[in-house]
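Read through the structure below, which is laid out as structure tokens, and then see the notes.
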Amino acid sequence: MSALIRRGDWLLAGVLAVVLVAASLMLGEPFVGVNRLPHALTADGGVEHTVVVLLRAPRVVLAVFAGALLGVAGLLLQESLRNPLAVPEMLGVSSGAAAAVAGCVAWGVSVPGAPLVPALAGSAIGGAITMLAVRGVRDRAAVLLIGAAVSAGLHAVMLTALSLSDSRDQGVLVRYLLGSLTGTTWETVATMAPGLLIGLPLAALMIPALGVLRLGDDTAAALGASPARARAATLAVGCLLTAVVVGPCGPVAWVGFLAPQLGRWLRPRATHRSWLLWSAALGALLVVAADLLARTVLHPVELPVGGLTAVVAICAGVLLLLRRKVSVVAR
């Protein structure tokens with residue numbers, strides 16, 4: 001019976017994914033009907049082929065990659081720190097990328113491949129600062145607080161650079177800093193592919209470390225394991241996954257919080273392997289849905305993807321909090 005329920009959930013997720021992908025390819029200006037979609041995908045040229053294959057399809061693929069990586073990164077961080085509020089935005093990775101891009105624009109630093117290259121460099125620097133700061137720290141709450149402090153410091157740098165930038169650049173910067181898939185091309189997707197191919201297998205290798213950390217630090221140490229080392233390795237992989245996303249997409253907020261929460265809600269007694277798969281799948285669905293809404297709800301105005309994911313995550317967080325209070329009262 002439980003196996004049938006699991007298959008039903010995956011089937012429902014598959015159907016939802018197909019509907020979202022088809023809607024993402026069809027909706028917009030010009031609208032491409034479902035009867036013309038196969039021809040638009042296979043034609044050698046024409047307006048519909050250009051719009052679907054060269055403009056919309058790369059955004060869908062990038063949204064799938066970004067959501068999957070953020071969902072997995074969020075699960076790694078939350079499980080390693082045993083805290084549902086441990087999200088990629090709290091470790092200095094997203095704010096490091098934002099500070100680097102804003103700094104390059106404000107101070108006129110010319111970097112080849114901007115904003116992707118400075119964003120990746122800023123993500124790596126922010127993550128490295130956090131990893132150095134938490135080195136040797138065993139307390140999980142302290143790790144999260146240190147990450148938040150590093151993130152706040154880099155955020156201050158970003159705001160300083162933003163205030164010094166030209167007014168014409170501020171609009172572009174704000175859109176990037178809120179998370180956006182505007183202007184995605186197949187070249188953008190290609191830049192993320194190596195990080196995806198390296199990051200996801202590394203995340204899968206972290207599953208045994210998550211099992212060690214779930215035992216608790218004292219129990220794990222008594223069994224001969226090193227919880228500090230396991231936590232540091234997991235945090236490093238989480239930072240890497242986040243950095244791969246922030247470079248081309250900007251800080252797409254709170255997907256790393258929401259996807260693991262939904263995965264655990266669907267499978268409360270599952271293994272880390274199952275949660276990893278569900279976090280990746282739900283993260284991908286969230287970002288694809290958010291991007292579809294972002295470019296269609298107020299067309300021709302395009303909303304930032306990160307703003308929509310943040311709103312959804314806040315609503316989900318409130319519902320989870322109310323659900324937890326109800327369960328506590330029921331006891």
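Residues in the structure tokens are numbered from 1 in each chain, the chains being A, B, ... in the order shown, and ligands are numbered from 1 in the order shown.
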
Identify, with DSSP run on backbone atoms, the residues in segment 59-195 of chain A assigned to helix (DSSP H, G or I), and express the list as a PyMOL selection string.
-> chain A and resi 59-81+88-90+93-106+116-133+140-164+167-177+186-195

Shell around Phe65 of chain A at 12 Å using only C-alpha atoms, local window under 3 positions removed, as a ChimeraX atom specification | /A:58-62,68-72,181,188-197,199-200,241-242,244-246,248-249,280-288

Near segment 301-321 of chain A, 7 Å: segment 74-183 of chain A residue rows, closest pairs, only C-alpha atoms, as CSV:
residue,atom,partner,partner_atom,distance
A:Arg175,CA,A:Pro304,CA,6.3
A:Leu178,CA,A:Gly306,CA,5.2
A:Gly179,CA,A:Gly306,CA,4.5
A:Ser180,CA,A:Pro304,CA,5.3

Output file for the selection above: C-alpha atoms, as a short mmCIF file (atom, residue, chain, number, x, y, z; two decimals), in the first residue's frame:
data_model
loop_
_atom_site.label_atom_id
_atom_site.label_comp_id
_atom_site.auth_asym_id
_atom_site.auth_seq_id
_atom_site.Cartn_x
_atom_site.Cartn_y
_atom_site.Cartn_z
CA ARG A 175 16.60 42.84 -10.59
CA LEU A 178 16.24 39.77 -6.27
CA GLY A 179 16.85 36.71 -8.43
CA SER A 180 15.97 36.68 -12.12
#

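Here atom CA of Leu173 of chain A and atom CA of Val64 of chain A stand 23.4 Å from one another.
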
Using only C-alpha atoms, which residues sit within 12 Å of Thr50 of chain A once same-chain residues fewer than 4 positions away are excluded, as a PyMOL selection string?
-> chain A and resi 25+30+32+37+39-46+54-58+185

May I have the residues from that selection written out with N, CA, C and O atoms, as a short mmCIF file (atom, residue, chain, number, x, y, z; two decimals), in the first residue's frame?
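Okay, out.cif is ready:
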data_model
loop_
_atom_site.label_atom_id
_atom_site.label_comp_id
_atom_site.auth_asym_id
_atom_site.auth_seq_id
_atom_site.Cartn_x
_atom_site.Cartn_y
_atom_site.Cartn_z
N LEU A 25 6.56 26.77 -22.00
CA LEU A 25 6.92 26.90 -23.42
C LEU A 25 5.83 27.58 -24.24
O LEU A 25 6.11 28.23 -25.24
N PRO A 30 4.73 35.74 -28.26
CA PRO A 30 3.44 35.24 -28.73
C PRO A 30 3.05 33.95 -28.03
O PRO A 30 3.91 33.18 -27.59
N VAL A 32 1.94 30.23 -28.03
CA VAL A 32 2.12 29.09 -28.95
C VAL A 32 1.20 27.97 -28.48
O VAL A 32 1.40 27.39 -27.40
N LEU A 37 3.05 23.43 -30.79
CA LEU A 37 4.27 23.29 -30.00
C LEU A 37 5.27 22.29 -30.62
O LEU A 37 6.47 22.59 -30.70
N HIS A 39 5.69 21.49 -33.73
CA HIS A 39 6.31 22.09 -34.92
C HIS A 39 7.31 23.17 -34.53
O HIS A 39 8.39 23.30 -35.12
N ALA A 40 6.96 23.97 -33.48
CA ALA A 40 7.88 25.02 -33.04
C ALA A 40 9.19 24.43 -32.51
O ALA A 40 10.26 25.01 -32.69
N LEU A 41 9.10 23.26 -31.89
CA LEU A 41 10.30 22.64 -31.33
C LEU A 41 11.19 22.02 -32.40
O LEU A 41 12.42 21.97 -32.24
N THR A 42 10.59 21.56 -33.49
CA THR A 42 11.37 20.84 -34.49
C THR A 42 11.65 21.63 -35.76
O THR A 42 12.43 21.18 -36.60
N ALA A 43 11.03 22.82 -35.89
CA ALA A 43 11.22 23.59 -37.13
C ALA A 43 12.65 24.13 -37.22
O ALA A 43 13.37 24.24 -36.21
N ASP A 44 13.05 24.45 -38.45
CA ASP A 44 14.40 24.98 -38.66
C ASP A 44 14.48 26.48 -38.42
O ASP A 44 15.56 27.03 -38.26
N GLY A 45 13.36 27.13 -38.43
CA GLY A 45 13.38 28.58 -38.25
C GLY A 45 11.98 29.10 -38.00
O GLY A 45 11.05 28.32 -37.73
N GLY A 46 11.82 30.41 -38.03
CA GLY A 46 10.51 31.01 -37.78
C GLY A 46 10.45 31.64 -36.40
O GLY A 46 11.28 31.37 -35.52
N LEU A 54 14.85 29.12 -28.36
CA LEU A 54 16.00 29.96 -28.00
C LEU A 54 15.72 30.89 -26.82
O LEU A 54 16.67 31.38 -26.19
N LEU A 55 14.44 31.16 -26.50
CA LEU A 55 14.14 32.07 -25.40
C LEU A 55 13.49 31.38 -24.21
O LEU A 55 13.92 31.59 -23.06
N ARG A 56 12.46 30.57 -24.46
CA ARG A 56 11.73 29.97 -23.33
C ARG A 56 12.36 28.67 -22.83
O ARG A 56 12.43 28.45 -21.61
N ALA A 57 12.79 27.81 -23.74
CA ALA A 57 13.35 26.52 -23.31
C ALA A 57 14.59 26.68 -22.41
O ALA A 57 14.70 25.98 -21.38
N PRO A 58 15.54 27.58 -22.72
CA PRO A 58 16.69 27.73 -21.81
C PRO A 58 16.26 28.18 -20.41
O PRO A 58 16.86 27.73 -19.42
N THR A 185 20.17 32.20 -21.85
CA THR A 185 20.43 31.57 -23.14
C THR A 185 20.98 30.17 -22.89
O THR A 185 21.24 29.78 -21.75
#

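Nearest residue to Arg82 of chain A, choosing from A:Asp169, A:Glu29, A:Asp217, A:Asp9 and counting only C-alpha atoms: A:Asp217.
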
What's the 10 Å shell around Ala102 of chain A, counting only C-alpha atoms, without same-chain residues fewer than 5 positions away, as a PyMOL selection string?
-> chain A and resi 96-97+107-108+115+118-119+157-165+169-170+173-174+176-177

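One distance worth recording is that between atom CA of Met131 of chain A and atom CA of Pro251 of chain A, which is 19.3 Å.
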
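Proximity to Gly153 of chain A at 9 Å, evaluated using only C-alpha atoms and with sequence-adjacent residues fewer than 5 positions away removed, yields Gly92, Ser95, Ala148 and Met158 of chain A.
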
Can you tell me which residues surround Ser279 of chain A at a distance of at most 9 Å, considering only C-alpha atoms, apart from same-chain residues fewer than 6 positions away, and format the answer as a PDB file with all heavy atoms, in the first residue's frame?
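Here's the written file selection38.pdb:
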ATOM      1  N   GLY A  67      16.465  25.182  -9.260  1.00  0.00           N
ATOM      2  CA  GLY A  67      15.600  24.704  -8.191  1.00  0.00           C
ATOM      3  C   GLY A  67      16.094  23.418  -7.578  1.00  0.00           C
ATOM      4  O   GLY A  67      16.059  23.245  -6.341  1.00  0.00           O
ATOM      5  N   ALA A  68      16.558  22.493  -8.422  1.00  0.00           N
ATOM      6  CA  ALA A  68      17.066  21.216  -7.894  1.00  0.00           C
ATOM      7  C   ALA A  68      18.283  21.441  -7.001  1.00  0.00           C
ATOM      8  O   ALA A  68      18.384  20.874  -5.902  1.00  0.00           O
ATOM      9  CB  ALA A  68      17.413  20.285  -9.055  1.00  0.00           C
ATOM     10  N   LEU A  69      19.217  22.281  -7.445  1.00  0.00           N
ATOM     11  CA  LEU A  69      20.426  22.522  -6.657  1.00  0.00           C
ATOM     12  C   LEU A  69      20.100  23.239  -5.349  1.00  0.00           C
ATOM     13  O   LEU A  69      20.648  22.892  -4.287  1.00  0.00           O
ATOM     14  CB  LEU A  69      21.415  23.357  -7.473  1.00  0.00           C
ATOM     15  CG  LEU A  69      22.059  22.644  -8.660  1.00  0.00           C
ATOM     16  CD1 LEU A  69      22.924  23.611  -9.453  1.00  0.00           C
ATOM     17  CD2 LEU A  69      22.901  21.462  -8.202  1.00  0.00           C
ATOM     18  N   LEU A  70      19.213  24.221  -5.395  1.00  0.00           N
ATOM     19  CA  LEU A  70      18.856  24.940  -4.166  1.00  0.00           C
ATOM     20  C   LEU A  70      18.106  24.035  -3.197  1.00  0.00           C
ATOM     21  O   LEU A  70      18.306  24.121  -1.974  1.00  0.00           O
ATOM     22  CB  LEU A  70      18.017  26.169  -4.501  1.00  0.00           C
ATOM     23  CG  LEU A  70      18.760  27.325  -5.175  1.00  0.00           C
ATOM     24  CD1 LEU A  70      17.792  28.432  -5.560  1.00  0.00           C
ATOM     25  CD2 LEU A  70      19.847  27.879  -4.252  1.00  0.00           C
ATOM     26  N   GLY A  71      17.219  23.182  -3.727  1.00  0.00           N
ATOM     27  CA  GLY A  71      16.501  22.257  -2.849  1.00  0.00           C
ATOM     28  C   GLY A  71      17.448  21.307  -2.140  1.00  0.00           C
ATOM     29  O   GLY A  71      17.343  21.080  -0.924  1.00  0.00           O
ATOM     30  N   VAL A  72      18.415  20.756  -2.882  1.00  0.00           N
ATOM     31  CA  VAL A  72      19.387  19.839  -2.275  1.00  0.00           C
ATOM     32  C   VAL A  72      20.289  20.575  -1.282  1.00  0.00           C
ATOM     33  O   VAL A  72      20.573  20.075  -0.192  1.00  0.00           O
ATOM     34  CB  VAL A  72      20.224  19.171  -3.389  1.00  0.00           C
ATOM     35  CG1 VAL A  72      21.379  18.389  -2.787  1.00  0.00           C
ATOM     36  CG2 VAL A  72      19.342  18.253  -4.214  1.00  0.00           C
ATOM     37  N   ALA A  73      20.725  21.788  -1.667  1.00  0.00           N
ATOM     38  CA  ALA A  73      21.572  22.574  -0.753  1.00  0.00           C
ATOM     39  C   ALA A  73      20.840  22.866   0.555  1.00  0.00           C
ATOM     40  O   ALA A  73      21.409  22.760   1.645  1.00  0.00           O
ATOM     41  CB  ALA A  73      21.994  23.886  -1.429  1.00  0.00           C
ATOM     42  N   GLY A  74      19.559  23.218   0.450  1.00  0.00           N
ATOM     43  CA  GLY A  74      18.788  23.492   1.651  1.00  0.00           C
ATOM     44  C   GLY A  74      18.672  22.274   2.545  1.00  0.00           C
ATOM     45  O   GLY A  74      18.795  22.368   3.772  1.00  0.00           O
ATOM     46  N   LEU A  75      18.448  21.105   1.931  1.00  0.00           N
ATOM     47  CA  LEU A  75      18.343  19.880   2.741  1.00  0.00           C
ATOM     48  C   LEU A  75      19.655  19.585   3.455  1.00  0.00           C
ATOM     49  O   LEU A  75      19.669  19.241   4.653  1.00  0.00           O
ATOM     50  CB  LEU A  75      17.950  18.698   1.854  1.00  0.00           C
ATOM     51  CG  LEU A  75      17.852  17.383   2.616  1.00  0.00           C
ATOM     52  CD1 LEU A  75      16.585  17.352   3.453  1.00  0.00           C
ATOM     53  CD2 LEU A  75      17.891  16.179   1.688  1.00  0.00           C
ATOM     54  N   GLY A 256      15.634  26.941  -0.953  1.00  0.00           N
ATOM     55  CA  GLY A 256      16.348  26.002  -0.087  1.00  0.00           C
ATOM     56  C   GLY A 256      15.654  25.780   1.239  1.00  0.00           C
ATOM     57  O   GLY A 256      15.943  24.791   1.935  1.00  0.00           O
ATOM     58  N   LEU A 258      12.046  26.009   1.487  1.00  0.00           N
ATOM     59  CA  LEU A 258      10.720  25.453   1.249  1.00  0.00           C
ATOM     60  C   LEU A 258      10.773  24.020   0.707  1.00  0.00           C
ATOM     61  O   LEU A 258       9.994  23.157   1.157  1.00  0.00           O
ATOM     62  CB  LEU A 258       9.964  26.357   0.273  1.00  0.00           C
ATOM     63  CG  LEU A 258       8.497  26.044   0.042  1.00  0.00           C
ATOM     64  CD1 LEU A 258       7.753  25.991   1.366  1.00  0.00           C
ATOM     65  CD2 LEU A 258       7.882  27.088  -0.871  1.00  0.00           C
ATOM     66  N   ALA A 259      11.662  23.743  -0.259  1.00  0.00           N
ATOM     67  CA  ALA A 259      11.670  22.417  -0.888  1.00  0.00           C
ATOM     68  C   ALA A 259      11.938  21.287   0.121  1.00  0.00           C
ATOM     69  O   ALA A 259      11.205  20.289   0.130  1.00  0.00           O
ATOM     70  CB  ALA A 259      12.687  22.388  -2.028  1.00  0.00           C
ATOM     71  N   PRO A 260      12.962  21.402   0.997  1.00  0.00           N
ATOM     72  CA  PRO A 260      13.151  20.328   1.992  1.00  0.00           C
ATOM     73  C   PRO A 260      11.986  20.208   2.972  1.00  0.00           C
ATOM     74  O   PRO A 260      11.644  19.101   3.395  1.00  0.00           O
ATOM     75  CB  PRO A 260      14.436  20.748   2.714  1.00  0.00           C
ATOM     76  CG  PRO A 260      15.130  21.662   1.786  1.00  0.00           C
ATOM     77  CD  PRO A 260      14.057  22.377   1.051  1.00  0.00           C
ATOM     78  N   GLN A 261      11.374  21.347   3.326  1.00  0.00           N
ATOM     79  CA  GLN A 261      10.231  21.285   4.238  1.00  0.00           C
ATOM     80  C   GLN A 261       9.088  20.495   3.609  1.00  0.00           C
ATOM     81  O   GLN A 261       8.455  19.655   4.269  1.00  0.00           O
ATOM     82  CB  GLN A 261       9.755  22.703   4.574  1.00  0.00           C
ATOM     83  CG  GLN A 261      10.747  23.545   5.344  1.00  0.00           C
ATOM     84  CD  GLN A 261      10.863  23.089   6.793  1.00  0.00           C
ATOM     85  OE1 GLN A 261       9.996  22.412   7.314  1.00  0.00           O
ATOM     86  NE2 GLN A 261      11.949  23.461   7.438  1.00  0.00           N
ATOM     87  N   LEU A 262       8.808  20.776   2.342  1.00  0.00           N
ATOM     88  CA  LEU A 262       7.740  20.055   1.657  1.00  0.00           C
ATOM     89  C   LEU A 262       8.094  18.575   1.495  1.00  0.00           C
ATOM     90  O   LEU A 262       7.225  17.702   1.622  1.00  0.00           O
ATOM     91  CB  LEU A 262       7.483  20.681   0.280  1.00  0.00           C
ATOM     92  CG  LEU A 262       6.881  22.093   0.289  1.00  0.00           C
ATOM     93  CD1 LEU A 262       6.797  22.644  -1.127  1.00  0.00           C
ATOM     94  CD2 LEU A 262       5.499  22.079   0.930  1.00  0.00           C
ATOM     95  N   GLY A 263       9.364  18.292   1.209  1.00  0.00           N
ATOM     96  CA  GLY A 263       9.795  16.904   1.064  1.00  0.00           C
ATOM     97  C   GLY A 263       9.610  16.116   2.352  1.00  0.00           C
ATOM     98  O   GLY A 263       9.118  14.979   2.337  1.00  0.00           O
ATOM     99  N   ARG A 264       9.993  16.733   3.480  1.00  0.00           N
ATOM    100  CA  ARG A 264       9.801  16.044   4.768  1.00  0.00           C
ATOM    101  C   ARG A 264       8.322  15.925   5.124  1.00  0.00           C
ATOM    102  O   ARG A 264       7.913  14.975   5.780  1.00  0.00           O
ATOM    103  CB  ARG A 264      10.570  16.782   5.858  1.00  0.00           C
ATOM    104  CG  ARG A 264      12.048  16.425   5.904  1.00  0.00           C
ATOM    105  CD  ARG A 264      12.681  16.978   7.176  1.00  0.00           C
ATOM    106  NE  ARG A 264      12.815  18.422   7.064  1.00  0.00           N
ATOM    107  CZ  ARG A 264      13.935  19.051   6.751  1.00  0.00           C
ATOM    108  NH1 ARG A 264      15.018  18.348   6.529  1.00  0.00           N
ATOM    109  NH2 ARG A 264      13.984  20.353   6.673  1.00  0.00           N
TER     110      ARG A 264
END
